[in-house]
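Peer 1: My questions all concern the structure below.
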Amino acid sequence: MPSQQQVRWSELRVGITVIVASIALAVLIILMSGQGGIFSKRLTLKSTFANTGGLRKGSLVSLEGVNIGNVTAIKIVKGQQFLPVEVTMKISAEYADSIRKDSIATLSSAGVLGELYVDINSKKATKGPVVDGDVLPSEDHPAIDDLFKAGQSTLQNADVLLKRIDSIVADIEKGQGSIGLLIKDPTMYQRANTVLGEMSTLLTEINAGKGSIGKLLKDDEMYNRVMKSIDKVATMVDEIEAGKGNMGKLLKDEQLYKNANETMANANKLLAEINQGHGTMGKVLHDEEFAKKVDTMVTKLADLTTKMDAGEGSVGKLFNDPSMYNNADKMLTEMRSLVQAMRENPKKYLTIHVKLF
């Protein structure tokens, strides 16, 4: 049977073994975390935020996506109205040269629902490297509650949309609407099938060269005619480009262009003179006295036609007196009878009697 001293010694060895194993395990965990170990030099940096909802002590601190430290403390600073939350960070000193005094600290999340961490951005930083105790400027990030609210609104809209789609599908299954009739109505199906059959027959005839479209697609003679017409048009265009024919001369003859330009210039000059009141046409358009004379003449003509229409004067009686019309008609009738009688017996009217005394 072991003595009491041996038992105590065994218990002491077990305790020492457990303590050494615990220390080794802690050191191993620190080394695996990538933070440089318990004896590595670390810097303390601070930053203030308006809200750190979701950030906790021990959260990671990253630089351009690389983990460089952890959050060691989060507290409210009295007297700061806009950025009241102070976050204290411990980072590895080997990254001190990569962090500048004006680097920006922001709160980011690993994914939509991931844990928050502090991300340091030095892309636009221009000042010198940080030292222990520096306070980095910060930028706010959308609060996780805002993200949830936005997601909730999106889900509500999606729910409304799904309900509408479900209602439309239900109407279609009942045979309502155009699509419902197309799916459920046998008559509509038969008509569609008939139309498809006719289209298939039409395409078969076209492919066989029947009909106007079929001949256009299959007849070599039609193709040759079209090509000849295209060649003629191309030849015509070439002749026009060469200045041949009336159209070619119209486009290419510089003398014709000059004549047309001179004609336009003369027309513009003539219009300018007319507008200035020169010449007969200019006086006609701009002379007020001439305009008054024309107005007087038109007024007199209107009075004259009014009197003629009322039967006044010789011309008015000629147009309106029935007896004048009857006498004229009678005279024409008698002249026509006289001419007819002279044609039938010209000797009676054309014989000349000579008497000698």
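Chain labels run A, B, ... following the order of the structure tokens; each chain numbers its residues from 1, and ligands are numbered from 1 in the order shown.
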Running DSSP on the backbone, which parts of segment 80-322 of chain A land in strand (DSSP E), as an mmCIF file with C-alpha atoms, in the first residue's frame?
Peer 2:
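As a result, out13.cif now contains:
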data_model
loop_
_atom_site.group_PDB
_atom_site.id
_atom_site.type_symbol
_atom_site.label_atom_id
_atom_site.label_comp_id
_atom_site.auth_asym_id
_atom_site.auth_seq_id
_atom_site.Cartn_x
_atom_site.Cartn_y
_atom_site.Cartn_z
ATOM 1 C CA VAL A 85 -19.136 55.410 -28.518
ATOM 2 C CA GLU A 86 -15.384 54.858 -28.146
ATOM 3 C CA VAL A 87 -13.889 51.616 -29.436
ATOM 4 C CA THR A 88 -10.420 50.564 -28.234
ATOM 5 C CA MET A 89 -8.425 48.229 -30.464
ATOM 6 C CA LYS A 90 -5.216 46.258 -29.996
ATOM 7 C CA ILE A 91 -3.305 45.622 -33.231
ATOM 8 C CA SER A 92 -0.021 43.949 -34.037
ATOM 9 C CA ILE A 104 -10.612 55.486 -41.910
ATOM 10 C CA ALA A 105 -12.174 53.019 -39.460
ATOM 11 C CA THR A 106 -15.595 51.642 -40.384
ATOM 12 C CA LEU A 107 -17.880 48.959 -39.003
ATOM 13 C CA SER A 108 -18.482 46.145 -41.471
ATOM 14 C CA SER A 109 -20.288 42.839 -41.323
ATOM 15 C CA LEU A 116 -19.557 43.023 -37.055
ATOM 16 C CA TYR A 117 -15.872 43.880 -37.123
ATOM 17 C CA VAL A 118 -13.731 47.036 -37.467
ATOM 18 C CA ASP A 119 -12.253 47.540 -40.939
ATOM 19 C CA ILE A 120 -9.387 50.045 -41.404
ATOM 20 C CA ASN A 121 -8.949 51.586 -44.860
ATOM 21 C CA VAL A 135 -7.484 58.049 -32.565
ATOM 22 C CA LEU A 136 -8.535 57.117 -36.118
ATOM 23 C CA SER A 138 -14.441 56.902 -38.538
ATOM 24 C CA GLU A 139 -17.317 56.582 -40.962
#
Peer 1: Select from segment 44-264 of chain A everything DSSP, run on the backbone, classes as helix (DSSP H, G or I), then give the selection as an MDAnalysis selection string.
Peer 2: chainID A and resid 93:98 144:173 177:184 186:207 211:218 220:241 245:252 254:264
Peer 1: As a ChimeraX atom specification, please: the residues near segment 191-207 of chain A (cut-off 8 Å, only C-alpha atoms, same-chain neighbours under 6 positions excluded).
Peer 2: /A:213-215,217-218
Peer 1: Got a sec: who's within 9 Å of Glu94 of chain A, counting only C-alpha atoms, leaving out chain neighbours fewer than 4 positions off, as JSON, numbers by chain?
Peer 2: {"A": [41, 42, 68, 98]}
Peer 1: Next, write the just-selected residues to a file, as a short mmCIF file (atom, residue, chain, number, x, y, z; two decimals), in the first residue's frame, keeping C-alpha atoms as the atom set.
Peer 2:
data_model
loop_
_atom_site.label_atom_id
_atom_site.label_comp_id
_atom_site.auth_asym_id
_atom_site.auth_seq_id
_atom_site.Cartn_x
_atom_site.Cartn_y
_atom_site.Cartn_z
CA LYS A 41 4.37 43.97 -29.36
CA ARG A 42 0.91 45.50 -29.88
CA ILE A 68 -4.49 42.48 -37.52
CA SER A 98 0.56 50.34 -43.09
#
Peer 1: As an exercise, work out the distance from atom CA of Ser122 of chain A to atom CA of Gln80 of chain A in Å and give it to one decimal place.
Peer 2: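 Computing it gives 25.4 Å between the two atoms.
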Peer 1: Atom CA of Ile274 of chain A to atom CA of Asp287 of chain A: how many Å, to one decimal?
Peer 2: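 Those two atoms sit 11.4 Å apart.
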